[in-house]
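Coordinates from run_14.txt are shown below (compact mmCIF, C-alpha atoms).
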```
# COMPACT_ATOMS: atom_id res chain seq x y z
CA MET Q 1 179.82 103.42 57.62
CA THR Q 2 182.91 104.65 59.49
CA THR Q 3 182.84 106.51 62.81
CA THR Q 4 183.62 109.76 60.96
CA GLU Q 5 180.68 109.19 58.62
CA LYS Q 6 178.45 108.40 61.61
CA GLN Q 7 179.43 111.68 63.25
CA GLU Q 8 178.58 113.60 60.08
CA SER Q 9 175.19 111.93 59.60
CA LYS Q 10 172.24 114.35 59.64
CA PHE Q 11 170.20 111.61 61.33
CA HIS Q 12 172.65 111.37 64.22
CA LEU Q 13 172.77 115.15 64.60
CA LEU Q 14 168.98 115.20 64.73
CA LEU Q 15 169.06 112.42 67.35
CA GLN Q 16 171.31 114.61 69.50
CA GLN Q 17 168.77 117.43 69.15
CA GLN Q 18 165.96 115.03 70.02
CA VAL Q 19 167.64 114.22 73.33
CA ARG Q 20 167.26 117.92 74.15
CA SER Q 21 163.61 117.88 73.03
CA GLU Q 22 162.84 114.89 75.24
CA PHE Q 23 164.56 116.47 78.24
CA ASN Q 24 162.73 119.76 77.57
CA ALA Q 25 159.44 117.85 77.50
CA SER Q 26 160.35 116.14 80.77
CA GLN Q 27 161.11 119.46 82.46
CA GLN Q 28 157.88 121.03 81.16
CA TYR Q 29 155.89 118.07 82.47
CA ILE Q 30 157.48 118.52 85.89
CA ALA Q 31 156.35 122.16 85.84
CA LEU Q 32 152.81 121.08 84.93
CA ALA Q 33 152.81 118.42 87.64
CA VAL Q 34 153.96 120.92 90.25
CA TRP Q 35 151.22 123.36 89.20
CA PHE Q 36 148.56 120.65 89.58
CA ASP Q 37 150.13 119.49 92.86
CA SER Q 38 150.09 123.01 94.27
CA HIS Q 39 146.40 123.28 93.33
CA ASP Q 40 145.52 120.11 95.25
CA LEU Q 41 144.85 118.01 92.18
CA PRO Q 42 146.82 114.85 93.00
CA ARG Q 43 145.66 112.66 90.07
CA LEU Q 44 146.57 115.28 87.48
CA ALA Q 45 149.86 115.90 89.27
CA ALA Q 46 150.67 112.17 89.34
CA HIS Q 47 149.80 111.87 85.65
CA PHE Q 48 152.27 114.59 84.69
CA TYR Q 49 154.99 113.40 87.07
CA ARG Q 50 154.76 110.01 85.28
CA GLN Q 51 154.88 111.77 81.93
CA ALA Q 52 158.04 113.62 83.00
CA ILE Q 53 159.75 110.33 83.82
CA GLU Q 54 158.58 108.80 80.55
CA GLU Q 55 160.02 111.69 78.52
CA ARG Q 56 163.30 111.47 80.44
CA ASN Q 57 163.40 107.77 79.64
CA HIS Q 58 162.83 108.51 75.95
CA GLY Q 59 165.83 110.82 75.95
CA MET Q 60 167.93 108.17 77.65
CA MET Q 61 166.82 105.56 75.08
CA ILE Q 62 168.26 107.79 72.39
CA VAL Q 63 171.45 108.25 74.43
CA GLN Q 64 171.79 104.45 74.72
CA PHE Q 65 171.22 104.03 70.96
CA LEU Q 66 173.95 106.57 70.21
CA MET Q 67 176.38 104.90 72.61
CA ASP Q 68 175.56 101.44 71.25
CA ASN Q 69 176.44 102.69 67.78
CA ASP Q 70 179.74 104.34 68.81
CA ILE Q 71 178.38 107.85 68.23
CA PRO Q 72 179.66 110.46 70.67
CA VAL Q 73 176.97 111.81 72.97
CA SER Q 74 176.73 115.28 74.46
CA ILE Q 75 174.10 115.78 77.14
CA PRO Q 76 172.38 119.10 76.42
CA SER Q 77 171.05 121.76 78.71
CA THR Q 78 167.31 122.34 78.69
CA ASP Q 79 165.28 125.37 77.75
CA GLU Q 80 163.21 127.49 80.12
CA VAL Q 81 159.82 126.02 80.95
CA ARG Q 82 156.50 127.71 81.39
CA ASN Q 83 155.34 127.81 85.01
CA GLU Q 84 152.54 130.40 85.03
CA PHE Q 85 149.02 129.43 84.03
CA ASP Q 86 145.54 130.82 84.63
CA GLU Q 87 143.54 127.63 84.26
CA ALA Q 88 144.05 123.87 84.00
CA ARG Q 89 143.02 123.73 80.35
CA GLU Q 90 146.12 125.76 79.41
CA LEU Q 91 148.38 123.09 80.90
CA VAL Q 92 146.78 120.19 79.08
CA ALA Q 93 146.60 122.16 75.81
CA LEU Q 94 150.32 122.93 76.19
CA ALA Q 95 151.03 119.23 76.77
CA LEU Q 96 149.07 118.27 73.64
CA ALA Q 97 150.88 120.90 71.54
CA GLN Q 98 154.20 119.64 72.90
CA GLU Q 99 153.35 116.04 71.96
CA ARG Q 100 152.35 117.10 68.45
CA GLU Q 101 155.65 118.96 68.08
CA VAL Q 102 157.62 115.93 69.26
CA THR Q 103 155.65 113.77 66.83
CA ALA Q 104 156.74 116.00 63.94
CA GLU Q 105 160.35 115.73 65.14
CA ILE Q 106 160.14 111.93 65.36
CA GLU Q 107 158.60 111.73 61.88
CA ASN Q 108 161.45 113.87 60.56
CA LEU Q 109 163.98 111.59 62.24
CA ALA Q 110 162.41 108.52 60.62
CA LYS Q 111 162.37 110.22 57.19
CA THR Q 112 165.99 111.30 57.60
CA ALA Q 113 167.15 107.81 58.58
CA ARG Q 114 165.37 106.40 55.55
CA ALA Q 115 166.81 109.06 53.23
CA GLU Q 116 170.33 108.24 54.48
CA ASP Q 117 169.75 104.48 54.05
CA ASP Q 118 170.31 104.07 57.81
CA TYR Q 119 168.18 100.97 58.25
CA ILE Q 120 169.18 100.46 61.86
CA GLY Q 121 168.26 104.06 62.66
CA GLU Q 122 164.98 103.74 60.78
CA GLN Q 123 164.12 100.58 62.71
CA PHE Q 124 164.97 102.32 66.00
CA MET Q 125 162.56 105.15 65.17
CA GLN Q 126 159.63 102.76 64.61
CA TRP Q 127 159.04 102.37 68.35
CA PHE Q 128 159.05 106.15 68.82
CA LEU Q 129 156.51 106.60 66.01
CA LYS Q 130 154.18 104.11 67.71
CA GLU Q 131 154.77 105.81 71.06
CA GLN Q 132 153.87 109.23 69.69
CA VAL Q 133 150.51 107.97 68.44
CA GLU Q 134 149.76 106.92 72.02
CA GLU Q 135 151.11 110.17 73.50
CA VAL Q 136 149.00 112.42 71.25
CA ALA Q 137 145.91 110.25 71.78
CA GLN Q 138 146.27 110.34 75.56
CA MET Q 139 146.71 114.13 75.69
CA SER Q 140 143.80 114.61 73.27
CA THR Q 141 141.62 112.47 75.52
CA LEU Q 142 142.70 114.37 78.61
CA LEU Q 143 142.00 117.73 76.95
CA ASN Q 144 138.55 116.48 75.89
CA VAL Q 145 137.82 115.40 79.45
CA VAL Q 146 138.97 118.76 80.83
CA ASP Q 147 136.71 120.53 78.32
CA ARG Q 148 133.72 118.30 79.12
CA ALA Q 149 134.23 118.84 82.83
CA GLY Q 150 133.42 122.52 82.28
CA GLY Q 151 135.83 123.78 84.90
CA ASN Q 152 135.05 121.10 87.49
CA LEU Q 153 138.52 119.63 87.91
CA PHE Q 154 137.27 117.11 90.45
CA GLU Q 155 135.50 115.41 87.53
CA VAL Q 156 138.87 115.20 85.76
CA GLU Q 157 140.42 113.81 88.93
CA ASN Q 158 137.62 111.20 89.11
CA PHE Q 159 138.19 110.28 85.47
CA LEU Q 160 141.91 109.74 86.08
CA ALA Q 161 141.15 107.68 89.19
CA ARG Q 162 138.75 105.52 87.19
CA GLU Q 163 140.47 105.24 83.79
CA GLN Q 164 144.01 104.43 82.72
CA VAL Q 165 145.27 107.13 80.38
CA GLY Q 166 148.35 105.91 78.50
CA ASP Q 167 150.49 102.86 79.16
CA GLU Q 168 152.33 104.45 82.10
CA GLY Q 169 155.65 103.73 80.38
CA ASN Q 170 155.43 99.96 80.83
CA ASP Q 171 156.12 98.84 77.25
CA PRO Q 172 158.29 95.70 77.12
CA SER Q 173 159.14 96.43 73.47
CA ALA Q 174 160.72 99.80 74.38
CA PRO Q 175 164.40 100.30 73.57
CA PRO Q 176 166.76 100.18 76.55
CA ALA Q 177 167.46 103.47 78.34
CA ALA Q 178 171.00 104.45 79.34
CA GLY Q 179 171.34 103.77 83.04
CA GLY Q 180 168.01 101.92 83.06
CA ALA Q 181 164.49 103.27 82.77
CA LEU Q 182 163.06 104.92 85.83
```

Target format structure tokens, applied to this file:
Amino acid sequence: MTTTEKQESKFHLLLQQQVRSEFNASQQYIALAVWFDSHDLPRLAAHFYRQAIEERNHGMMIVQFLMDNDIPVSIPSTDEVRNEFDEARELVALALAQEREVTAEIENLAKTARAEDDYIGEQFMQWFLKEQVEEVAQMSTLLNVVDRAGGNLFEVENFLAREQVGDEGNDPSAPPAAGGAL
């Protein structure tokens, strides 16, 4: 495949769009973390600050993949984020919906790579598919805990202090991130 063909690939165009999605997710997680932080919920805040870094790293993994394959990269701007919430459940439900949306995007990327016979691209997407299973599971768990706590967010804080939710971005099989993972 020539550089011109690479630039015209639907898969590579979707990867560029995914960088934006990952950065959008990162920015939204910062907004959630700040909300929790401003409501004196340090464990929830720390959880979402970590999530923001993880999403940023995912975007930078895609950037590195594009650069490694001689595909021009344009760093996108991000969309507006939601900052106003009435209750903690809204934040976690938003995070779960966001992860489900990203999962659909990642699945579409994998299907597109396969349809274009881009075996390297398809292999690259396998890690992201595995990661999205973990991301959706962790947000589902957190939403269940918030619901079971019945409005007592200190119970959620205790749960997060006691239990590890997610892998905290420490996956040695993860693709390299441009500039290094944070």

From the options Q:Arg162, Q:Arg20, Q:Arg100, Q:His12, which residue's atoms come nearest to Pro76 (chain Q), counting all atoms listed in the file?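 Of all the options, Q:Arg20 lies closest to Pro76 (chain Q).
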
Using only C-alpha atoms, determine which residues lie at most 8 Å from Leu96 (chain Q), disregarding the query and same-chain residues fewer than 5 positions distant; provide the list as a VMD selection string. chain Q and resid 136 139 to 140 143

Closest to Ala149 (chain Q) among Q:Tyr119, Q:Arg89, Q:His39, Q:Val63, using all atoms listed in the file?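 The answer is Q:Arg89, which sits nearest to Ala149 (chain Q).
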
Taking into account all atoms listed in the file, which residue in the set Q:Ala52, Q:Pro72, Q:Ala88, Q:Asp37 is nearest to Asp147 (chain Q)? Q:Ala88

Glu155 (chain Q) environment, 12 Å, all atoms listed in the file, sequence neighbours closer than 5 positions dropped, as a list in words: Leu41, Arg43, Leu44, Leu142, Val145, Val146, Asp147, Arg148, Ala149, Gly150, Leu160, Ala161, Arg162 and Glu163 of chain Q

Could you list, as a list in words, every residue within 9 Å of Phe124 (chain Q), counting only C-alpha atoms and ignoring same-chain residues fewer than 4 positions away? Phe65, Ala110, Tyr119, Ile120, Phe128 and Pro175 of chain Q

So how many Å separate CA of Glu80 (chain Q) and CA of Met60 (chain Q), to one decimal?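 Spanning CA of Glu80 (chain Q) to CA of Met60 (chain Q) is a straight-line distance of 20.0 Å.
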
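Near Glu101 (chain Q), within 12 Å and counting all atoms listed in the file, sit Gln18, Ser21, Glu22, Asn24, Ala25, Leu94, Ala95, Leu96, Ala97, Gln98, Ala104, Glu105, Ile106, Glu107, Asn108, Gln132, Glu135 and Val136 of chain Q, not including residues fewer than 3 positions from it in the same chain.
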
Do you know which residues are at most 9 Å from Ala113 (chain Q) counting all atoms listed in the file, after dropping those on the same chain fewer than 2 positions away, and could you put them as a ChimeraX atom specification? /Q:10-12,108-111,115-123,125

For C-alpha atoms, I'd like the residues from the last selection saved as a PDB file, in the frame of the given file.
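This is the output file again.pdb:
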```pdb
ATOM      1  CA  LYS Q  10     172.240 114.350  59.640  1.00  0.00           C
ATOM      2  CA  PHE Q  11     170.200 111.610  61.330  1.00  0.00           C
ATOM      3  CA  HIS Q  12     172.650 111.370  64.220  1.00  0.00           C
ATOM      4  CA  ASN Q 108     161.450 113.870  60.560  1.00  0.00           C
ATOM      5  CA  LEU Q 109     163.980 111.590  62.240  1.00  0.00           C
ATOM      6  CA  ALA Q 110     162.410 108.520  60.620  1.00  0.00           C
ATOM      7  CA  LYS Q 111     162.370 110.220  57.190  1.00  0.00           C
ATOM      8  CA  ALA Q 115     166.810 109.060  53.230  1.00  0.00           C
ATOM      9  CA  GLU Q 116     170.330 108.240  54.480  1.00  0.00           C
ATOM     10  CA  ASP Q 117     169.750 104.480  54.050  1.00  0.00           C
ATOM     11  CA  ASP Q 118     170.310 104.070  57.810  1.00  0.00           C
ATOM     12  CA  TYR Q 119     168.180 100.970  58.250  1.00  0.00           C
ATOM     13  CA  ILE Q 120     169.180 100.460  61.860  1.00  0.00           C
ATOM     14  CA  GLY Q 121     168.260 104.060  62.660  1.00  0.00           C
ATOM     15  CA  GLU Q 122     164.980 103.740  60.780  1.00  0.00           C
ATOM     16  CA  GLN Q 123     164.120 100.580  62.710  1.00  0.00           C
ATOM     17  CA  MET Q 125     162.560 105.150  65.170  1.00  0.00           C
TER      18      MET Q 125
END
```

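Take CA of Leu66 (chain Q) and CA of Gln51 (chain Q): the distance between them is 23.0 Å.
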
Proximity to Val34 (chain Q) - best of Q:Leu153, Q:Ile62, Q:Leu91, Q:Met67, only C-alpha atoms: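 Smallest distance to Val34 (chain Q) is found for Q:Leu91.
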
Can you measure CA of Gly59 (chain Q) to CA of Gln164 (chain Q) for me? One decimal in Å is fine.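 The value is 23.7 Å.
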
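Here the question is which of Q:Asn170, Q:Gln17, Q:Ser26, Q:Gln138 gets nearest to Glu55 (chain Q) using all atoms listed in the file, and that residue is Q:Ser26.
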
Is it possible to get the axis-aligned box enclosing region 49-61 of chain Q (all listed atoms, 8 Å extra per side) as JSON, with centre and edge lengths in Å rounded to one decimal?
```
{"center_x": 161.3, "center_y": 109.6, "center_z": 81.1, "size_x": 29.2, "size_y": 24.1, "size_z": 28.0}
```

Return region 154-179 of chain Q, completed with N, CA, C and O atoms, as an mmCIF file, in the coordinates of the input.
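Result file follows (selection-v1.cif):
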```cif
data_model
loop_
_atom_site.group_PDB
_atom_site.id
_atom_site.type_symbol
_atom_site.label_atom_id
_atom_site.label_comp_id
_atom_site.auth_asym_id
_atom_site.auth_seq_id
_atom_site.Cartn_x
_atom_site.Cartn_y
_atom_site.Cartn_z
ATOM 1 N N PHE Q 154 137.467 118.340 89.684
ATOM 2 C CA PHE Q 154 137.270 117.110 90.450
ATOM 3 C C PHE Q 154 136.701 116.013 89.550
ATOM 4 O O PHE Q 154 136.962 114.837 89.779
ATOM 5 N N GLU Q 155 135.969 116.396 88.513
ATOM 6 C CA GLU Q 155 135.500 115.410 87.530
ATOM 7 C C GLU Q 155 136.683 114.830 86.756
ATOM 8 O O GLU Q 155 136.718 113.648 86.459
ATOM 9 N N VAL Q 156 137.659 115.677 86.437
ATOM 10 C CA VAL Q 156 138.870 115.200 85.760
ATOM 11 C C VAL Q 156 139.638 114.273 86.686
ATOM 12 O O VAL Q 156 140.123 113.221 86.258
ATOM 13 N N GLU Q 157 139.753 114.664 87.945
ATOM 14 C CA GLU Q 157 140.420 113.810 88.930
ATOM 15 C C GLU Q 157 139.717 112.453 89.024
ATOM 16 O O GLU Q 157 140.384 111.417 89.064
ATOM 17 N N ASN Q 158 138.377 112.451 89.057
ATOM 18 C CA ASN Q 158 137.620 111.200 89.110
ATOM 19 C C ASN Q 158 137.867 110.357 87.865
ATOM 20 O O ASN Q 158 138.010 109.134 87.954
ATOM 21 N N PHE Q 159 137.911 110.997 86.708
ATOM 22 C CA PHE Q 159 138.190 110.280 85.470
ATOM 23 C C PHE Q 159 139.547 109.592 85.545
ATOM 24 O O PHE Q 159 139.675 108.409 85.216
ATOM 25 N N LEU Q 160 140.570 110.320 85.994
ATOM 26 C CA LEU Q 160 141.910 109.740 86.080
ATOM 27 C C LEU Q 160 141.993 108.639 87.131
ATOM 28 O O LEU Q 160 142.769 107.698 86.989
ATOM 29 N N ALA Q 161 141.180 108.742 88.177
ATOM 30 C CA ALA Q 161 141.150 107.680 89.190
ATOM 31 C C ALA Q 161 140.494 106.422 88.640
ATOM 32 O O ALA Q 161 140.856 105.311 89.014
ATOM 33 N N ARG Q 162 139.554 106.620 87.732
ATOM 34 C CA ARG Q 162 138.750 105.520 87.190
ATOM 35 C C ARG Q 162 139.369 104.885 85.947
ATOM 36 O O ARG Q 162 139.283 103.682 85.731
ATOM 37 N N GLU Q 163 139.986 105.694 85.093
ATOM 38 C CA GLU Q 163 140.470 105.240 83.790
ATOM 39 C C GLU Q 163 141.984 105.293 83.725
ATOM 40 O O GLU Q 163 142.606 106.189 84.281
ATOM 41 N N GLN Q 164 142.570 104.377 82.991
ATOM 42 C CA GLN Q 164 144.010 104.430 82.720
ATOM 43 C C GLN Q 164 144.204 105.227 81.448
ATOM 44 O O GLN Q 164 143.641 104.887 80.406
ATOM 45 N N VAL Q 165 144.986 106.295 81.542
ATOM 46 C CA VAL Q 165 145.270 107.130 80.380
ATOM 47 C C VAL Q 165 146.736 106.901 80.036
ATOM 48 O O VAL Q 165 147.626 107.268 80.790
ATOM 49 N N GLY Q 166 146.983 106.233 78.897
ATOM 50 C CA GLY Q 166 148.350 105.910 78.500
ATOM 51 C C GLY Q 166 148.773 104.568 79.074
ATOM 52 O O GLY Q 166 148.040 103.931 79.830
ATOM 53 N N ASP Q 167 149.982 104.165 78.714
ATOM 54 C CA ASP Q 167 150.490 102.860 79.160
ATOM 55 C C ASP Q 167 151.389 102.977 80.377
ATOM 56 O O ASP Q 167 151.972 102.000 80.815
ATOM 57 N N GLU Q 168 151.509 104.176 80.924
ATOM 58 C CA GLU Q 168 152.330 104.450 82.100
ATOM 59 C C GLU Q 168 153.788 104.028 81.903
ATOM 60 O O GLU Q 168 154.501 103.724 82.854
ATOM 61 N N GLY Q 169 154.245 104.006 80.659
ATOM 62 C CA GLY Q 169 155.650 103.730 80.380
ATOM 63 C C GLY Q 169 156.070 102.293 80.552
ATOM 64 O O GLY Q 169 157.255 101.996 80.613
ATOM 65 N N ASN Q 170 155.120 101.372 80.607
ATOM 66 C CA ASN Q 170 155.430 99.960 80.830
ATOM 67 C C ASN Q 170 155.336 99.159 79.530
ATOM 68 O O ASN Q 170 154.563 98.228 79.415
ATOM 69 N N ASP Q 171 156.139 99.520 78.548
ATOM 70 C CA ASP Q 171 156.120 98.840 77.250
ATOM 71 C C ASP Q 171 157.338 97.937 77.157
ATOM 72 O O ASP Q 171 158.463 98.408 77.047
ATOM 73 N N PRO Q 172 157.144 96.612 77.174
ATOM 74 C CA PRO Q 172 158.290 95.700 77.120
ATOM 75 C C PRO Q 172 159.040 95.756 75.801
ATOM 76 O O PRO Q 172 160.183 95.303 75.737
ATOM 77 N N SER Q 173 158.450 96.340 74.753
ATOM 78 C CA SER Q 173 159.140 96.430 73.470
ATOM 79 C C SER Q 173 159.983 97.708 73.364
ATOM 80 O O SER Q 173 160.624 97.935 72.342
ATOM 81 N N ALA Q 174 159.980 98.540 74.412
ATOM 82 C CA ALA Q 174 160.720 99.800 74.380
ATOM 83 C C ALA Q 174 162.226 99.546 74.306
ATOM 84 O O ALA Q 174 162.737 98.585 74.897
ATOM 85 N N PRO Q 175 162.930 100.417 73.592
ATOM 86 C CA PRO Q 175 164.400 100.300 73.570
ATOM 87 C C PRO Q 175 164.978 100.508 74.967
ATOM 88 O O PRO Q 175 164.355 101.155 75.812
ATOM 89 N N PRO Q 176 166.155 99.973 75.229
ATOM 90 C CA PRO Q 176 166.760 100.180 76.550
ATOM 91 C C PRO Q 176 167.185 101.642 76.738
ATOM 92 O O PRO Q 176 167.584 102.319 75.795
ATOM 93 N N ALA Q 177 167.060 102.104 77.980
ATOM 94 C CA ALA Q 177 167.460 103.470 78.340
ATOM 95 C C ALA Q 177 168.828 103.419 79.024
ATOM 96 O O ALA Q 177 169.081 102.540 79.846
ATOM 97 N N ALA Q 178 169.691 104.365 78.677
ATOM 98 C CA ALA Q 178 171.000 104.450 79.340
ATOM 99 C C ALA Q 178 170.781 104.566 80.842
ATOM 100 O O ALA Q 178 169.965 105.359 81.292
ATOM 101 N N GLY Q 179 171.466 103.745 81.602
ATOM 102 C CA GLY Q 179 171.340 103.770 83.040
ATOM 103 C C GLY Q 179 170.086 103.071 83.562
ATOM 104 O O GLY Q 179 169.883 102.998 84.762
#
```
